[in-house]
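Novice: Sharing a structure, written as structure tokens. Questions coming.
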Amino acid sequence: MFDHLDSESKLWTDDLEVCNQTGGGYATNQKYREDGNRSNESKFRDRSFHIKVDENTFLYAICSGHNGSKVAHLAIQRIAAEIAFGGLSGKSSEEEVKEVLRQTFIAVEKTYLETIDALLARKAFRQYEIPEGISQYEISQKYQHILDELKQINEELSVGTSVVIALICHKKLYIANIGNCRALLCKSDANNVLRVVQLSVDHNLYNEDEILRLCQLGLDPQALRQAPLSCTRCIGSYMNKTGYRDCDFLSGASGEPVISQPEIVGAIPMDDTCSFLILMSSGMCKTLQEIFSSEVTQVNKEMIQMAVEQFRTQSTMSGVAQSVVHKIVQFHHDLYMEHVQEREREDSPLPFTRRDDITLLIRNFNFVMPKRGTVRFNSVVREHSANNSIIFTDTNTLSSTNTSQYMNTNSSTSSYSSQGSRYRREQEKIPPYVDFSEYYRSVEEAKKTGQLPPGIEFD
């Protein structure tokens, strides 16, 4: 289950009881080459868990590290400790549960600050060693070794993490997030329409509320869009918080531009209308955006579409999640290669040359899945219509038939076209792979001898 992690990334949370209605999918980051080859650019930076606390409580989390994995590694363990081990004891009201989530983020940020005390002390000492009143040229000539060390320290102080937490407590769902991870809930209505609702808030420079907050601190939004600021809220990343005056693009702010205040949504009743929940890492969100080049609502619909396709073909939740990740990884690389070919013809720039780490958690509630070992035969795969599949509407919905009908529709292999950044299912013939001639001969022989089992129609 955790083969995507290196030995240094193992967590004590890996030994907690897992929620068996949840599957995880993972892919390490990759750097692309124009010859089609790819390689890992860095160690896996995401951390996650999906645990069963007790019969009434389930906890899920993804931490997407940026500029490193250290803060994500710290945060995921502290989150589990704060919530799963007594944090909810005696908490019965919705506001009390939400307050536990708020205090969890405060505790995680406090723990992070405690871990960097020695680093901050070393930075201050090394800065003190550079005399005041001398030119930058003299500093570079005489104190380059100190500048190199300060650069390394600042890089360590820039490590942070986005976080999304899902908590199911007494049949109610709570979502808390900070940064660019995302939570999607898929629900069905009385007309068997699956509606996808984003329960998290994207804290980045595409969020108008976040832009407004930064403008009120005296920052120029146009200049910010050119800055290497991946998210406007996170855990960690001291250099973009208390140390922001040392960052050229943030130094003009009147207060801390990046904050650690989460968004909390809930409580959402977990009833029969809830189909499944998806948690995505920031790398997954970015990769989907690069594939589909659409507004967020459309990207979310595409994500749900792919998940539903895998629900119809996989018999385990791990199979669903990992298959979705596999398809997205392949689509992204295929799109890159198409851009490479276009550049050779038109000398156009490449929109991306790498892919971030990907983590996907899918928690099933009421979506019917095939039974293990189920075999389906159908020689023709047809383009699905509204009568036997899901289709997206212009709103935040996708319509479907009853989930039991999904299980009666044969699966097919999907291929996706990057033209218009949308994918399509190709019509194709699947060659027969089971020879039933011996079976039919046996039936005919049994008919002649009167040995057919009673009560079964063989015509």
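Every chain in the structure tokens takes a letter, A first, then B, and so on in the order presented; its residues are numbered from 1, and the ligands are numbered from 1 following the presented order.
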What's the 10 Å shell around Val325 (chain A), counting only C-alpha atoms, without same-chain residues fewer than 4 positions away, as a PyMOL selection string?

Specialist: chain A and resi 24-27+284+306-307+319-321+329-331+358-360

Novice: Generate a file of the selected residues that holds N, CA and C atoms, formatted as a JSON list (two decimals), in the first residue's frame.

Specialist:
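Okay, part_32.json is ready:
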[["chain", "number", "residue", "atom", "x", "y", "z"],
["A", 24, "GLY", "N", -6.46, 4.29, -1.98],
["A", 24, "GLY", "CA", -5.49, 5.33, -2.26],
["A", 24, "GLY", "C", -4.76, 5.07, -3.56],
["A", 25, "GLY", "N", -4.49, 6.13, -4.30],
["A", 25, "GLY", "CA", -3.69, 6.05, -5.51],
["A", 25, "GLY", "C", -2.55, 7.05, -5.44],
["A", 26, "TYR", "N", -1.37, 6.67, -5.95],
["A", 26, "TYR", "CA", -0.17, 7.49, -5.79],
["A", 26, "TYR", "C", 0.69, 7.45, -7.05],
["A", 27, "ALA", "N", 1.40, 8.55, -7.28],
["A", 27, "ALA", "CA", 2.39, 8.60, -8.36],
["A", 27, "ALA", "C", 3.45, 9.62, -7.98],
["A", 284, "MET", "N", -2.17, 16.63, -7.84],
["A", 284, "MET", "CA", -3.27, 16.09, -8.64],
["A", 284, "MET", "C", -4.09, 17.23, -9.24],
["A", 306, "MET", "N", -13.97, 10.22, -14.43],
["A", 306, "MET", "CA", -12.95, 9.16, -14.43],
["A", 306, "MET", "C", -13.13, 8.20, -13.26],
["A", 307, "ALA", "N", -13.50, 8.75, -12.11],
["A", 307, "ALA", "CA", -13.72, 7.89, -10.94],
["A", 307, "ALA", "C", -14.89, 6.94, -11.17],
["A", 319, "GLY", "N", -8.09, -0.42, -6.22],
["A", 319, "GLY", "CA", -8.05, -0.53, -7.67],
["A", 319, "GLY", "C", -8.66, 0.68, -8.35],
["A", 320, "VAL", "N", -9.76, 1.20, -7.79],
["A", 320, "VAL", "CA", -10.39, 2.40, -8.36],
["A", 320, "VAL", "C", -9.43, 3.58, -8.32],
["A", 321, "ALA", "N", -8.88, 3.86, -7.12],
["A", 321, "ALA", "CA", -8.03, 5.04, -6.95],
["A", 321, "ALA", "C", -6.76, 4.95, -7.78],
["A", 329, "VAL", "N", -1.83, 10.12, -15.06],
["A", 329, "VAL", "CA", -0.39, 10.18, -15.33],
["A", 329, "VAL", "C", -0.11, 9.97, -16.81],
["A", 330, "GLN", "N", -0.77, 8.99, -17.41],
["A", 330, "GLN", "CA", -0.53, 8.70, -18.82],
["A", 330, "GLN", "C", -1.06, 9.82, -19.71],
["A", 331, "PHE", "N", -2.26, 10.35, -19.38],
["A", 331, "PHE", "CA", -2.82, 11.45, -20.18],
["A", 331, "PHE", "C", -1.89, 12.65, -20.17],
["A", 358, "ILE", "N", 1.49, 12.96, -6.99],
["A", 358, "ILE", "CA", 0.03, 12.80, -7.00],
["A", 358, "ILE", "C", -0.39, 11.86, -5.88],
["A", 359, "THR", "N", -1.39, 12.30, -5.11],
["A", 359, "THR", "CA", -2.03, 11.43, -4.12],
["A", 359, "THR", "C", -3.54, 11.59, -4.26],
["A", 360, "LEU", "N", -4.25, 10.47, -4.29],
["A", 360, "LEU", "CA", -5.70, 10.47, -4.43],
["A", 360, "LEU", "C", -6.30, 9.49, -3.41]]

Novice: Could you pull out the residues in region 96-143 of chain A that DSSP calls helix (DSSP H, G or I) from the backbone, as a PyMOL selection string?

Specialist: chain A and resi 96-115+117-128+136-142

Novice: Take the residues from that selection and write them out as a PDB file, in the first residue's frame, keeping C-alpha atoms.

Specialist:
ATOM      1  CA  GLU A  96     -17.188  21.466  19.132  1.00  0.00           C
ATOM      2  CA  VAL A  97     -16.028  19.124  16.376  1.00  0.00           C
ATOM      3  CA  LYS A  98     -15.163  22.049  14.106  1.00  0.00           C
ATOM      4  CA  GLU A  99     -13.221  23.661  16.931  1.00  0.00           C
ATOM      5  CA  VAL A 100     -11.168  20.476  17.263  1.00  0.00           C
ATOM      6  CA  LEU A 101     -10.218  20.865  13.600  1.00  0.00           C
ATOM      7  CA  ARG A 102      -9.299  24.538  14.093  1.00  0.00           C
ATOM      8  CA  GLN A 103      -7.152  23.741  17.098  1.00  0.00           C
ATOM      9  CA  THR A 104      -5.472  20.951  15.153  1.00  0.00           C
ATOM     10  CA  PHE A 105      -4.137  23.426  12.596  1.00  0.00           C
ATOM     11  CA  ILE A 106      -2.959  25.738  15.371  1.00  0.00           C
ATOM     12  CA  ALA A 107      -1.158  22.846  17.069  1.00  0.00           C
ATOM     13  CA  VAL A 108       0.497  21.706  13.846  1.00  0.00           C
ATOM     14  CA  GLU A 109       1.747  25.223  13.032  1.00  0.00           C
ATOM     15  CA  LYS A 110       3.034  25.646  16.591  1.00  0.00           C
ATOM     16  CA  THR A 111       4.914  22.351  16.357  1.00  0.00           C
ATOM     17  CA  TYR A 112       6.474  23.472  13.076  1.00  0.00           C
ATOM     18  CA  LEU A 113       7.686  26.738  14.623  1.00  0.00           C
ATOM     19  CA  GLU A 114       9.251  24.809  17.494  1.00  0.00           C
ATOM     20  CA  THR A 115      11.206  22.664  15.050  1.00  0.00           C
ATOM     21  CA  ASP A 117      14.059  27.484  16.459  1.00  0.00           C
ATOM     22  CA  ALA A 118      17.620  26.224  16.015  1.00  0.00           C
ATOM     23  CA  LEU A 119      17.563  27.086  12.316  1.00  0.00           C
ATOM     24  CA  LEU A 120      16.434  30.651  13.033  1.00  0.00           C
ATOM     25  CA  ALA A 121      19.141  31.039  15.658  1.00  0.00           C
ATOM     26  CA  ARG A 122      21.794  29.875  13.195  1.00  0.00           C
ATOM     27  CA  LYS A 123      20.496  32.282  10.559  1.00  0.00           C
ATOM     28  CA  ALA A 124      20.642  35.248  12.957  1.00  0.00           C
ATOM     29  CA  PHE A 125      24.177  34.335  14.053  1.00  0.00           C
ATOM     30  CA  ARG A 126      25.476  34.036  10.487  1.00  0.00           C
ATOM     31  CA  GLN A 127      23.851  37.360   9.509  1.00  0.00           C
ATOM     32  CA  TYR A 128      25.533  39.015  12.506  1.00  0.00           C
ATOM     33  CA  GLN A 136      27.306  44.040  -1.701  1.00  0.00           C
ATOM     34  CA  TYR A 137      30.475  43.552  -3.741  1.00  0.00           C
ATOM     35  CA  GLU A 138      32.595  43.281  -0.593  1.00  0.00           C
ATOM     36  CA  ILE A 139      30.087  40.913   0.970  1.00  0.00           C
ATOM     37  CA  SER A 140      30.175  38.657  -2.097  1.00  0.00           C
ATOM     38  CA  GLN A 141      33.983  38.706  -2.135  1.00  0.00           C
ATOM     39  CA  LYS A 142      34.669  38.152   1.558  1.00  0.00           C
TER      40      LYS A 142
END

Novice: Ranking A:Tyr174, A:Phe85, A:Phe365, A:Tyr32 by minimum distance to Ile268 (chain A) and counting only C-alpha atoms, which one comes first?

Specialist: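 Residue with the minimum atom-to-atom distance to Ile268 (chain A): A:Tyr174.
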
Novice: Please list as a list in words every residue within 7 Å of region 15-20 of chain A, counting only C-alpha atoms and excluding residues in the same chain fewer than 6 positions away.

Specialist: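 Contacts, in chain order: His50, Ile51 and Lys52 of chain A.
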
Novice: What gap, in Å, lies between CA of Ser254 (chain A) and CA of Asn177 (chain A)?

Specialist: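 Result for CA of Ser254 (chain A) versus CA of Asn177 (chain A): 25.2 Å, one decimal.
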